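Engineer: So here's work08.txt, just compact mmCIF, N, CA and C atoms:
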# COMPACT_ATOMS: atom_id res chain seq x y z
N MET A 1 -22.80 26.28 56.82
CA MET A 1 -23.38 27.61 56.70
C MET A 1 -24.60 27.67 57.60
N ASN A 2 -24.69 28.71 58.39
CA ASN A 2 -25.76 28.82 59.37
C ASN A 2 -26.98 29.59 58.88
N GLY A 3 -26.83 30.46 57.92
CA GLY A 3 -27.95 31.26 57.46
C GLY A 3 -27.82 31.62 56.01
N LYS A 4 -28.79 32.38 55.53
CA LYS A 4 -28.80 32.81 54.13
C LYS A 4 -27.65 33.76 53.87
N PHE A 5 -27.06 33.63 52.69
CA PHE A 5 -25.96 34.47 52.26
C PHE A 5 -26.32 35.03 50.89
N THR A 6 -26.26 36.34 50.71
CA THR A 6 -26.64 36.96 49.44
C THR A 6 -25.40 37.44 48.70
N VAL A 7 -25.32 37.07 47.42
CA VAL A 7 -24.24 37.52 46.55
C VAL A 7 -24.81 38.58 45.62
N ARG A 8 -24.28 39.77 45.67
CA ARG A 8 -24.74 40.88 44.84
C ARG A 8 -23.90 40.99 43.58
N LYS A 9 -24.47 41.59 42.57
CA LYS A 9 -23.76 41.69 41.30
C LYS A 9 -22.65 42.75 41.36
N ALA A 10 -21.56 42.44 40.68
CA ALA A 10 -20.45 43.36 40.56
C ALA A 10 -20.49 44.07 39.20
N GLU A 11 -21.03 43.39 38.22
CA GLU A 11 -21.13 43.92 36.86
C GLU A 11 -22.60 43.96 36.45
N GLU A 12 -22.90 44.70 35.42
CA GLU A 12 -24.28 44.89 34.96
C GLU A 12 -25.01 43.58 34.68
N ASN A 13 -24.35 42.63 34.03
CA ASN A 13 -25.02 41.38 33.66
C ASN A 13 -24.72 40.22 34.61
N ASP A 14 -24.34 40.53 35.83
CA ASP A 14 -24.08 39.48 36.82
C ASP A 14 -25.38 38.91 37.37
N TRP A 15 -25.22 37.87 38.15
CA TRP A 15 -26.32 37.24 38.86
C TRP A 15 -26.46 37.89 40.23
N VAL A 16 -27.66 37.82 40.80
CA VAL A 16 -27.90 38.16 42.20
C VAL A 16 -28.56 36.92 42.80
N VAL A 17 -27.94 36.37 43.83
CA VAL A 17 -28.38 35.08 44.35
C VAL A 17 -28.34 35.04 45.87
N ASP A 18 -29.33 34.38 46.45
CA ASP A 18 -29.31 34.02 47.87
C ASP A 18 -28.89 32.57 47.95
N ILE A 19 -27.90 32.28 48.77
CA ILE A 19 -27.45 30.92 49.00
C ILE A 19 -28.08 30.47 50.32
N LEU A 20 -28.82 29.38 50.26
CA LEU A 20 -29.59 28.93 51.40
C LEU A 20 -28.98 27.67 52.01
N PRO A 21 -28.89 27.60 53.32
CA PRO A 21 -28.36 26.39 53.95
C PRO A 21 -29.35 25.24 53.79
N GLY A 22 -28.84 24.05 53.86
CA GLY A 22 -29.69 22.87 53.76
C GLY A 22 -30.63 22.75 54.95
N ASN A 23 -31.65 21.92 54.76
CA ASN A 23 -32.60 21.64 55.83
C ASN A 23 -33.13 20.22 55.63
N ASP A 24 -34.27 19.90 56.18
CA ASP A 24 -34.83 18.55 56.05
C ASP A 24 -35.28 18.23 54.62
N GLU A 25 -35.52 19.25 53.81
CA GLU A 25 -36.03 19.04 52.45
C GLU A 25 -34.94 18.98 51.39
N TYR A 26 -33.82 19.66 51.59
CA TYR A 26 -32.75 19.71 50.60
C TYR A 26 -31.42 19.96 51.30
N ASP A 27 -30.33 19.69 50.57
CA ASP A 27 -28.99 19.86 51.14
C ASP A 27 -28.41 21.25 50.88
N LEU A 28 -28.78 21.87 49.77
CA LEU A 28 -28.28 23.20 49.42
C LEU A 28 -29.30 23.87 48.52
N GLY A 29 -29.54 25.15 48.75
CA GLY A 29 -30.50 25.88 47.93
C GLY A 29 -29.95 27.19 47.43
N TYR A 30 -30.47 27.60 46.29
CA TYR A 30 -30.13 28.89 45.69
C TYR A 30 -31.42 29.54 45.21
N ASP A 31 -31.58 30.83 45.45
CA ASP A 31 -32.65 31.62 44.85
C ASP A 31 -31.99 32.73 44.03
N TYR A 32 -32.05 32.59 42.72
CA TYR A 32 -31.48 33.61 41.84
C TYR A 32 -32.55 34.66 41.56
N HIS A 33 -32.25 35.92 41.87
CA HIS A 33 -33.19 37.01 41.67
C HIS A 33 -32.90 37.78 40.39
N GLU A 34 -31.68 37.69 39.91
CA GLU A 34 -31.29 38.23 38.61
C GLU A 34 -30.39 37.21 37.94
N CYS A 35 -30.56 37.04 36.63
CA CYS A 35 -29.85 36.00 35.91
C CYS A 35 -28.98 36.60 34.80
N GLY A 36 -27.69 36.35 34.88
CA GLY A 36 -26.77 36.84 33.85
C GLY A 36 -27.04 36.23 32.49
N ILE A 37 -27.47 34.97 32.44
CA ILE A 37 -27.78 34.33 31.16
C ILE A 37 -28.98 34.99 30.51
N CYS A 38 -30.03 35.26 31.29
CA CYS A 38 -31.21 35.93 30.74
C CYS A 38 -30.85 37.32 30.23
N LYS A 39 -30.02 38.03 30.97
CA LYS A 39 -29.61 39.38 30.56
C LYS A 39 -28.81 39.33 29.27
N LEU A 40 -27.87 38.38 29.17
CA LEU A 40 -27.06 38.25 27.97
C LEU A 40 -27.93 37.89 26.76
N CYS A 41 -28.82 36.92 26.94
CA CYS A 41 -29.70 36.52 25.83
C CYS A 41 -30.58 37.68 25.39
N GLN A 42 -31.08 38.46 26.34
CA GLN A 42 -31.90 39.63 26.00
C GLN A 42 -31.06 40.64 25.21
N ASP A 43 -29.85 40.92 25.69
CA ASP A 43 -28.97 41.87 25.01
C ASP A 43 -28.64 41.43 23.59
N GLU A 44 -28.54 40.12 23.38
CA GLU A 44 -28.18 39.58 22.06
C GLU A 44 -29.39 39.32 21.18
N GLY A 45 -30.59 39.63 21.67
CA GLY A 45 -31.80 39.49 20.86
C GLY A 45 -32.33 38.07 20.75
N CYS A 46 -31.96 37.21 21.68
CA CYS A 46 -32.43 35.82 21.64
C CYS A 46 -32.91 35.37 23.02
N PRO A 47 -33.86 36.08 23.64
CA PRO A 47 -34.29 35.74 25.00
C PRO A 47 -34.86 34.32 25.12
N GLU A 48 -35.41 33.79 24.04
CA GLU A 48 -36.00 32.45 24.07
C GLU A 48 -34.93 31.37 24.28
N LEU A 49 -33.69 31.65 23.98
CA LEU A 49 -32.60 30.69 24.16
C LEU A 49 -32.34 30.39 25.64
N ALA A 50 -32.60 31.34 26.50
CA ALA A 50 -32.32 31.17 27.93
C ALA A 50 -33.08 29.99 28.52
N VAL A 51 -34.29 29.76 28.08
CA VAL A 51 -35.10 28.63 28.60
C VAL A 51 -34.37 27.32 28.37
N TYR A 52 -33.78 27.16 27.20
CA TYR A 52 -33.07 25.92 26.87
C TYR A 52 -31.78 25.79 27.67
N LEU A 53 -31.11 26.90 27.91
CA LEU A 53 -29.89 26.86 28.71
C LEU A 53 -30.20 26.49 30.16
N CYS A 54 -31.37 26.92 30.66
CA CYS A 54 -31.78 26.56 32.02
C CYS A 54 -31.95 25.06 32.18
N ARG A 55 -32.37 24.40 31.14
CA ARG A 55 -32.59 22.95 31.21
C ARG A 55 -31.28 22.19 31.43
N MET A 56 -30.18 22.81 31.08
CA MET A 56 -28.87 22.18 31.30
C MET A 56 -28.56 22.01 32.79
N ASP A 57 -29.23 22.77 33.65
CA ASP A 57 -29.00 22.65 35.08
C ASP A 57 -29.30 21.24 35.57
N TYR A 58 -30.30 20.59 34.99
CA TYR A 58 -30.64 19.23 35.38
C TYR A 58 -29.56 18.25 34.94
N VAL A 59 -28.99 18.48 33.77
CA VAL A 59 -27.90 17.64 33.29
C VAL A 59 -26.69 17.78 34.21
N LEU A 60 -26.36 19.01 34.58
CA LEU A 60 -25.22 19.24 35.46
C LEU A 60 -25.45 18.63 36.84
N ALA A 61 -26.68 18.72 37.36
CA ALA A 61 -26.98 18.10 38.65
C ALA A 61 -26.78 16.59 38.57
N ASP A 62 -27.22 16.00 37.48
CA ASP A 62 -27.06 14.56 37.30
C ASP A 62 -25.58 14.19 37.25
N ILE A 63 -24.79 14.97 36.55
CA ILE A 63 -23.34 14.72 36.49
C ILE A 63 -22.72 14.79 37.88
N MET A 64 -23.23 15.68 38.72
CA MET A 64 -22.71 15.83 40.09
C MET A 64 -23.34 14.83 41.05
N ASN A 65 -24.17 13.93 40.51
CA ASN A 65 -24.87 12.93 41.32
C ASN A 65 -25.75 13.60 42.38
N MET A 66 -26.44 14.64 41.97
CA MET A 66 -27.36 15.38 42.83
C MET A 66 -28.74 15.39 42.20
N LYS A 67 -29.75 15.55 43.02
CA LYS A 67 -31.11 15.73 42.54
C LYS A 67 -31.42 17.22 42.59
N LEU A 68 -31.95 17.77 41.50
CA LEU A 68 -32.33 19.18 41.45
C LEU A 68 -33.84 19.29 41.37
N VAL A 69 -34.41 20.09 42.25
CA VAL A 69 -35.83 20.42 42.20
C VAL A 69 -35.91 21.92 42.01
N ARG A 70 -36.71 22.32 41.02
CA ARG A 70 -36.88 23.75 40.74
C ARG A 70 -38.33 23.97 40.32
N THR A 71 -38.97 25.01 40.85
CA THR A 71 -40.37 25.27 40.50
C THR A 71 -40.52 26.30 39.39
N GLY A 72 -39.46 27.05 39.09
CA GLY A 72 -39.56 28.04 38.03
C GLY A 72 -38.23 28.69 37.75
N THR A 73 -38.19 29.37 36.60
CA THR A 73 -36.98 30.13 36.23
C THR A 73 -37.38 31.51 35.76
N ILE A 74 -36.47 32.43 35.88
CA ILE A 74 -36.69 33.78 35.39
C ILE A 74 -36.94 33.74 33.88
N ALA A 75 -36.22 32.86 33.18
CA ALA A 75 -36.38 32.73 31.73
C ALA A 75 -37.80 32.32 31.34
N GLU A 76 -38.47 31.59 32.24
CA GLU A 76 -39.84 31.15 31.98
C GLU A 76 -40.88 32.10 32.55
N GLY A 77 -40.42 33.21 33.15
CA GLY A 77 -41.35 34.21 33.66
C GLY A 77 -41.53 34.21 35.17
N ALA A 78 -40.85 33.33 35.89
CA ALA A 78 -40.95 33.32 37.35
C ALA A 78 -40.19 34.52 37.93
N SER A 79 -40.51 34.88 39.16
CA SER A 79 -39.84 36.01 39.79
C SER A 79 -38.41 35.67 40.20
N CYS A 80 -38.13 34.38 40.36
CA CYS A 80 -36.76 33.96 40.66
C CYS A 80 -36.58 32.51 40.21
N CYS A 81 -35.34 32.10 40.13
CA CYS A 81 -35.01 30.69 39.86
C CYS A 81 -34.69 30.06 41.20
N ASP A 82 -35.46 29.05 41.57
CA ASP A 82 -35.22 28.39 42.85
C ASP A 82 -34.59 27.02 42.60
N PHE A 83 -33.39 26.87 43.06
CA PHE A 83 -32.65 25.61 42.93
C PHE A 83 -32.63 24.95 44.31
N ARG A 84 -32.99 23.67 44.36
CA ARG A 84 -32.88 22.90 45.59
C ARG A 84 -32.17 21.59 45.26
N TYR A 85 -30.97 21.46 45.75
CA TYR A 85 -30.14 20.28 45.48
C TYR A 85 -30.17 19.33 46.67
N SER A 86 -30.26 18.04 46.35
CA SER A 86 -30.23 17.00 47.38
C SER A 86 -29.31 15.89 46.93
N LYS A 87 -28.62 15.32 47.90
CA LYS A 87 -27.81 14.13 47.64
C LYS A 87 -28.75 12.93 47.61
N PRO A 88 -28.41 11.91 46.83
CA PRO A 88 -29.24 10.71 46.84
C PRO A 88 -29.28 10.10 48.24
N ARG A 89 -30.41 9.64 48.63
CA ARG A 89 -30.58 9.06 49.98
C ARG A 89 -30.61 7.56 49.89
Just dump the structure as structure tokens.
Structural biologist:
Amino acid sequence: MNGKFTVRKAEENDWVVDILPGNDEYDLGYDYHECGICKLCQDEGCPELAVYLCRMDYVLADIMNMKLVRTGTIAEGASCCDFRYSKPR
């Protein structure tokens, strides 16, 4: 992939994400600007649950043998969820 690719939502509770090509710091990046999980949890009256579901991303990265670096999530009040995945070096 040569440049940023944006996926727009098709449904009300979909995600909106920029897919970022790798560089010297990471192999693949994602910036989520809207989160379907946060929207669903809000609709169901349990927005605090989303924070715990976000923590599963680290478990999934480990299962995929990838390192995940993230500085914030929408569920925690950040403007976006920034995912940066790297292969072990």
Engineer: Report the residues of chain A whose backbone DSSP state falls under alpha helix (DSSP H), written as an MDAnalysis selection string.
Structural biologist: chainID A and resid 36:43 49:63
Engineer: Please produce an output containing N, CA and C atoms for each residue in the selection, written as a compact mmCIF listing (two decimals), in the coordinates of the input.
Structural biologist:
# COMPACT_ATOMS: atom_id res chain seq x y z
N GLY A 36 -27.69 36.35 34.88
CA GLY A 36 -26.77 36.84 33.85
C GLY A 36 -27.04 36.23 32.49
N ILE A 37 -27.47 34.97 32.44
CA ILE A 37 -27.78 34.33 31.16
C ILE A 37 -28.98 34.99 30.51
N CYS A 38 -30.03 35.26 31.29
CA CYS A 38 -31.21 35.93 30.74
C CYS A 38 -30.85 37.32 30.23
N LYS A 39 -30.02 38.03 30.97
CA LYS A 39 -29.61 39.38 30.56
C LYS A 39 -28.81 39.33 29.27
N LEU A 40 -27.87 38.38 29.17
CA LEU A 40 -27.06 38.25 27.97
C LEU A 40 -27.93 37.89 26.76
N CYS A 41 -28.82 36.92 26.94
CA CYS A 41 -29.70 36.52 25.83
C CYS A 41 -30.58 37.68 25.39
N GLN A 42 -31.08 38.46 26.34
CA GLN A 42 -31.90 39.63 26.00
C GLN A 42 -31.06 40.64 25.21
N ASP A 43 -29.85 40.92 25.69
CA ASP A 43 -28.97 41.87 25.01
C ASP A 43 -28.64 41.43 23.59
N LEU A 49 -33.69 31.65 23.98
CA LEU A 49 -32.60 30.69 24.16
C LEU A 49 -32.34 30.39 25.64
N ALA A 50 -32.60 31.34 26.50
CA ALA A 50 -32.32 31.17 27.93
C ALA A 50 -33.08 29.99 28.52
N VAL A 51 -34.29 29.76 28.08
CA VAL A 51 -35.10 28.63 28.60
C VAL A 51 -34.37 27.32 28.37
N TYR A 52 -33.78 27.16 27.20
CA TYR A 52 -33.07 25.92 26.87
C TYR A 52 -31.78 25.79 27.67
N LEU A 53 -31.11 26.90 27.91
CA LEU A 53 -29.89 26.86 28.71
C LEU A 53 -30.20 26.49 30.16
N CYS A 54 -31.37 26.92 30.66
CA CYS A 54 -31.78 26.56 32.02
C CYS A 54 -31.95 25.06 32.18
N ARG A 55 -32.37 24.40 31.14
CA ARG A 55 -32.59 22.95 31.21
C ARG A 55 -31.28 22.19 31.43
N MET A 56 -30.18 22.81 31.08
CA MET A 56 -28.87 22.18 31.30
C MET A 56 -28.56 22.01 32.79
N ASP A 57 -29.23 22.77 33.65
CA ASP A 57 -29.00 22.65 35.08
C ASP A 57 -29.30 21.24 35.57
N TYR A 58 -30.30 20.59 34.99
CA TYR A 58 -30.64 19.23 35.38
C TYR A 58 -29.56 18.25 34.94
N VAL A 59 -28.99 18.48 33.77
CA VAL A 59 -27.90 17.64 33.29
C VAL A 59 -26.69 17.78 34.21
N LEU A 60 -26.36 19.01 34.58
CA LEU A 60 -25.22 19.24 35.46
C LEU A 60 -25.45 18.63 36.84
N ALA A 61 -26.68 18.72 37.36
CA ALA A 61 -26.98 18.10 38.65
C ALA A 61 -26.78 16.59 38.57
N ASP A 62 -27.22 16.00 37.48
CA ASP A 62 -27.06 14.56 37.30
C ASP A 62 -25.58 14.19 37.25
N ILE A 63 -24.79 14.97 36.55
CA ILE A 63 -23.34 14.72 36.49
C ILE A 63 -22.72 14.79 37.88
Engineer: As JSON, numbers by chain, please: all residues of chain A that backbone DSSP puts in strand (DSSP E or B).
Structural biologist: {"A": [5, 6, 7, 16, 17, 18, 19, 20, 21, 28, 29, 30, 31, 32, 33, 34, 67, 68, 69, 81, 82, 83, 84, 85, 86]}
Engineer: May I have the selected residues written with N, CA and C atoms, as a CSV table (one decimal), keeping the file's coordinate frame?
Structural biologist:
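Okay, this is what ended up in again.csv:
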chain,number,residue,atom,x,y,z
A,5,PHE,N,-27.1,33.6,52.7
A,5,PHE,CA,-26.0,34.5,52.3
A,5,PHE,C,-26.3,35.0,50.9
A,6,THR,N,-26.3,36.3,50.7
A,6,THR,CA,-26.6,37.0,49.4
A,6,THR,C,-25.4,37.4,48.7
A,7,VAL,N,-25.3,37.1,47.4
A,7,VAL,CA,-24.2,37.5,46.6
A,7,VAL,C,-24.8,38.6,45.6
A,16,VAL,N,-27.7,37.8,40.8
A,16,VAL,CA,-27.9,38.2,42.2
A,16,VAL,C,-28.6,36.9,42.8
A,17,VAL,N,-27.9,36.4,43.8
A,17,VAL,CA,-28.4,35.1,44.4
A,17,VAL,C,-28.3,35.0,45.9
A,18,ASP,N,-29.3,34.4,46.4
A,18,ASP,CA,-29.3,34.0,47.9
A,18,ASP,C,-28.9,32.6,48.0
A,19,ILE,N,-27.9,32.3,48.8
A,19,ILE,CA,-27.4,30.9,49.0
A,19,ILE,C,-28.1,30.5,50.3
A,20,LEU,N,-28.8,29.4,50.3
A,20,LEU,CA,-29.6,28.9,51.4
A,20,LEU,C,-29.0,27.7,52.0
A,21,PRO,N,-28.9,27.6,53.3
A,21,PRO,CA,-28.4,26.4,54.0
A,21,PRO,C,-29.4,25.2,53.8
A,28,LEU,N,-28.8,21.9,49.8
A,28,LEU,CA,-28.3,23.2,49.4
A,28,LEU,C,-29.3,23.9,48.5
A,29,GLY,N,-29.5,25.2,48.8
A,29,GLY,CA,-30.5,25.9,47.9
A,29,GLY,C,-30.0,27.2,47.4
A,30,TYR,N,-30.5,27.6,46.3
A,30,TYR,CA,-30.1,28.9,45.7
A,30,TYR,C,-31.4,29.5,45.2
A,31,ASP,N,-31.6,30.8,45.4
A,31,ASP,CA,-32.6,31.6,44.8
A,31,ASP,C,-32.0,32.7,44.0
A,32,TYR,N,-32.0,32.6,42.7
A,32,TYR,CA,-31.5,33.6,41.8
A,32,TYR,C,-32.6,34.7,41.6
A,33,HIS,N,-32.2,35.9,41.9
A,33,HIS,CA,-33.2,37.0,41.7
A,33,HIS,C,-32.9,37.8,40.4
A,34,GLU,N,-31.7,37.7,39.9
A,34,GLU,CA,-31.3,38.2,38.6
A,34,GLU,C,-30.4,37.2,37.9
A,67,LYS,N,-29.8,15.6,43.0
A,67,LYS,CA,-31.1,15.7,42.5
A,67,LYS,C,-31.4,17.2,42.6
A,68,LEU,N,-32.0,17.8,41.5
A,68,LEU,CA,-32.3,19.2,41.4
A,68,LEU,C,-33.8,19.3,41.4
A,69,VAL,N,-34.4,20.1,42.2
A,69,VAL,CA,-35.8,20.4,42.2
A,69,VAL,C,-35.9,21.9,42.0
A,81,CYS,N,-35.3,32.1,40.1
A,81,CYS,CA,-35.0,30.7,39.9
A,81,CYS,C,-34.7,30.1,41.2
A,82,ASP,N,-35.5,29.0,41.6
A,82,ASP,CA,-35.2,28.4,42.8
A,82,ASP,C,-34.6,27.0,42.6
A,83,PHE,N,-33.4,26.9,43.1
A,83,PHE,CA,-32.6,25.6,42.9
A,83,PHE,C,-32.6,25.0,44.3
A,84,ARG,N,-33.0,23.7,44.4
A,84,ARG,CA,-32.9,22.9,45.6
A,84,ARG,C,-32.2,21.6,45.3
A,85,TYR,N,-31.0,21.5,45.8
A,85,TYR,CA,-30.1,20.3,45.5
A,85,TYR,C,-30.2,19.3,46.7
A,86,SER,N,-30.3,18.0,46.4
A,86,SER,CA,-30.2,17.0,47.4
A,86,SER,C,-29.3,15.9,46.9
Engineer: Please measure the separation of atom N of Val69 of chain A and atom CA of Asp27 of chain A, giving the value in Å to one decimal.
Structural biologist: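 One can read the atom N of Val69 of chain A to atom CA of Asp27 of chain A distance as 10.4 Å.
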Engineer: Would you work out the distance separating atom CA of Asp14 of chain A from atom CA of Ile37 of chain A, expressed in Å to one decimal?
Structural biologist: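 Distance between the two atoms: 8.5 Å.
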Engineer: Counting only C-alpha atoms, figure out which residue out of A:Lys4, A:Cys54, A:Val59, A:Cys80 gets nearest to Leu28 of chain A.
Structural biologist: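 Closest to Leu28 of chain A of all the choices is A:Lys4.
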Engineer: When you look at segment 19-21 of chain A with a cut-off of 7 Å (counting only C-alpha atoms), what residues show up, excluding the ones that are within fewer than 2 positions of it in the same chain? I need them as a VMD selection string.
Structural biologist: chain A and resid 1 to 6 17 23 28 to 31
Engineer: Considering all atoms listed in the file, return as number ranges by chain whatever protein or nucleic-acid residues lie within 6.5 Å of Lys87 of chain A, sequence-local ones (same chain, fewer than 6 positions apart) excluded.
Structural biologist: A: 26-27, 65-67
Engineer: Return the single residue from A:Glu12, A:Asp18, A:Asp82, A:Asp24 that is closest to Leu40 of chain A, with distances computed using only C-alpha atoms.
Structural biologist: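 Among A:Glu12, A:Asp18, A:Asp82, A:Asp24, it is A:Glu12 that comes nearest to Leu40 of chain A.
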Engineer: Can you pull out the residues contacting Glu25 of chain A? Cut-off 8 Å, using all atoms listed in the file, and skip same-chain residues under 6 positions away; I want them as a VMD selection string.
Structural biologist: chain A and resid 84 to 86
Engineer: Using N, CA and C atoms, can you export the residues from the last selection as a PDB file, keeping the file's coordinate frame?
Structural biologist:
ATOM      1  N   ARG A  84     -32.990  23.670  44.360  1.00  0.00           N
ATOM      2  CA  ARG A  84     -32.880  22.900  45.590  1.00  0.00           C
ATOM      3  C   ARG A  84     -32.170  21.590  45.260  1.00  0.00           C
ATOM      4  N   TYR A  85     -30.970  21.460  45.750  1.00  0.00           N
ATOM      5  CA  TYR A  85     -30.140  20.280  45.480  1.00  0.00           C
ATOM      6  C   TYR A  85     -30.170  19.330  46.670  1.00  0.00           C
ATOM      7  N   SER A  86     -30.260  18.040  46.350  1.00  0.00           N
ATOM      8  CA  SER A  86     -30.230  17.000  47.380  1.00  0.00           C
ATOM      9  C   SER A  86     -29.310  15.890  46.930  1.00  0.00           C
TER      10      SER A  86
END
Engineer: Just the number, please: distance in Å from atom CA of Cys38 of chain A to atom CA of Ile63 of chain A, one decimal.
Structural biologist: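 Spanning atom CA of Cys38 of chain A to atom CA of Ile63 of chain A is a straight-line distance of 23.3 Å.
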Engineer: Box time for segment 65-69 of chain A: axis-aligned, enclosing all its listed atoms, 4 Å extra on each side; report centre and edge lengths in Å to one decimal, as JSON.
Structural biologist:
{"center_x": -30.0, "center_y": 17.4, "center_z": 41.8, "size_x": 19.7, "size_y": 17.0, "size_z": 10.5}
Engineer: Calculated over only C-alpha atoms, which of the candidates A:Lys9, A:Phe83, A:Tyr32, A:Pro88 has the smallest distance to Asp62 of chain A?
Structural biologist: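 Among the listed residues, A:Pro88 lies closest to Asp62 of chain A.
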Engineer: At a cut-off of 12 Å, using only C-alpha atoms, what residues contact segment 46-49 of chain A? Leave out same-chain residues fewer than 4 positions from it and give the result as a list in words.
Structural biologist: Cys35, Gly36, Ile37, Cys38, Lys39, Leu40, Cys41, Gln42, Leu53, Cys54, Arg55, Met56, Ile74, Ala75, Glu76 and Gly77 of chain A
Engineer: N, CA, C and O atoms are what I want for segment 50-64 of chain A; can you complete it accordingly and write them as an mmCIF file, keeping the file's coordinate frame?
Structural biologist:
data_model
loop_
_atom_site.group_PDB
_atom_site.id
_atom_site.type_symbol
_atom_site.label_atom_id
_atom_site.label_comp_id
_atom_site.auth_asym_id
_atom_site.auth_seq_id
_atom_site.Cartn_x
_atom_site.Cartn_y
_atom_site.Cartn_z
ATOM 1 N N ALA A 50 -32.600 31.340 26.500
ATOM 2 C CA ALA A 50 -32.320 31.170 27.930
ATOM 3 C C ALA A 50 -33.080 29.990 28.520
ATOM 4 O O ALA A 50 -32.546 29.264 29.372
ATOM 5 N N VAL A 51 -34.290 29.760 28.080
ATOM 6 C CA VAL A 51 -35.100 28.630 28.600
ATOM 7 C C VAL A 51 -34.370 27.320 28.370
ATOM 8 O O VAL A 51 -34.320 26.450 29.249
ATOM 9 N N TYR A 52 -33.780 27.160 27.200
ATOM 10 C CA TYR A 52 -33.070 25.920 26.870
ATOM 11 C C TYR A 52 -31.780 25.790 27.670
ATOM 12 O O TYR A 52 -31.409 24.695 28.088
ATOM 13 N N LEU A 53 -31.110 26.900 27.910
ATOM 14 C CA LEU A 53 -29.890 26.860 28.710
ATOM 15 C C LEU A 53 -30.200 26.490 30.160
ATOM 16 O O LEU A 53 -29.432 25.774 30.810
ATOM 17 N N CYS A 54 -31.370 26.920 30.660
ATOM 18 C CA CYS A 54 -31.780 26.560 32.020
ATOM 19 C C CYS A 54 -31.950 25.060 32.180
ATOM 20 O O CYS A 54 -31.696 24.504 33.248
ATOM 21 N N ARG A 55 -32.370 24.400 31.140
ATOM 22 C CA ARG A 55 -32.590 22.950 31.210
ATOM 23 C C ARG A 55 -31.280 22.190 31.430
ATOM 24 O O ARG A 55 -31.293 21.058 31.922
ATOM 25 N N MET A 56 -30.180 22.810 31.080
ATOM 26 C CA MET A 56 -28.870 22.180 31.300
ATOM 27 C C MET A 56 -28.560 22.010 32.790
ATOM 28 O O MET A 56 -27.738 21.170 33.168
ATOM 29 N N ASP A 57 -29.230 22.770 33.650
ATOM 30 C CA ASP A 57 -29.000 22.650 35.080
ATOM 31 C C ASP A 57 -29.300 21.240 35.570
ATOM 32 O O ASP A 57 -28.618 20.724 36.465
ATOM 33 N N TYR A 58 -30.300 20.590 34.990
ATOM 34 C CA TYR A 58 -30.640 19.230 35.380
ATOM 35 C C TYR A 58 -29.560 18.250 34.940
ATOM 36 O O TYR A 58 -29.242 17.296 35.658
ATOM 37 N N VAL A 59 -28.990 18.480 33.770
ATOM 38 C CA VAL A 59 -27.900 17.640 33.290
ATOM 39 C C VAL A 59 -26.690 17.780 34.210
ATOM 40 O O VAL A 59 -26.071 16.787 34.607
ATOM 41 N N LEU A 60 -26.360 19.010 34.580
ATOM 42 C CA LEU A 60 -25.220 19.240 35.460
ATOM 43 C C LEU A 60 -25.450 18.630 36.840
ATOM 44 O O LEU A 60 -24.530 18.056 37.439
ATOM 45 N N ALA A 61 -26.680 18.720 37.360
ATOM 46 C CA ALA A 61 -26.980 18.100 38.650
ATOM 47 C C ALA A 61 -26.780 16.590 38.570
ATOM 48 O O ALA A 61 -26.224 15.983 39.490
ATOM 49 N N ASP A 62 -27.220 16.000 37.480
ATOM 50 C CA ASP A 62 -27.060 14.560 37.300
ATOM 51 C C ASP A 62 -25.580 14.190 37.250
ATOM 52 O O ASP A 62 -25.162 13.204 37.874
ATOM 53 N N ILE A 63 -24.790 14.970 36.550
ATOM 54 C CA ILE A 63 -23.340 14.720 36.490
ATOM 55 C C ILE A 63 -22.720 14.790 37.880
ATOM 56 O O ILE A 63 -21.813 14.028 38.203
ATOM 57 N N MET A 64 -23.230 15.680 38.720
ATOM 58 C CA MET A 64 -22.710 15.830 40.090
ATOM 59 C C MET A 64 -23.340 14.830 41.050
ATOM 60 O O MET A 64 -23.094 14.878 42.256
#
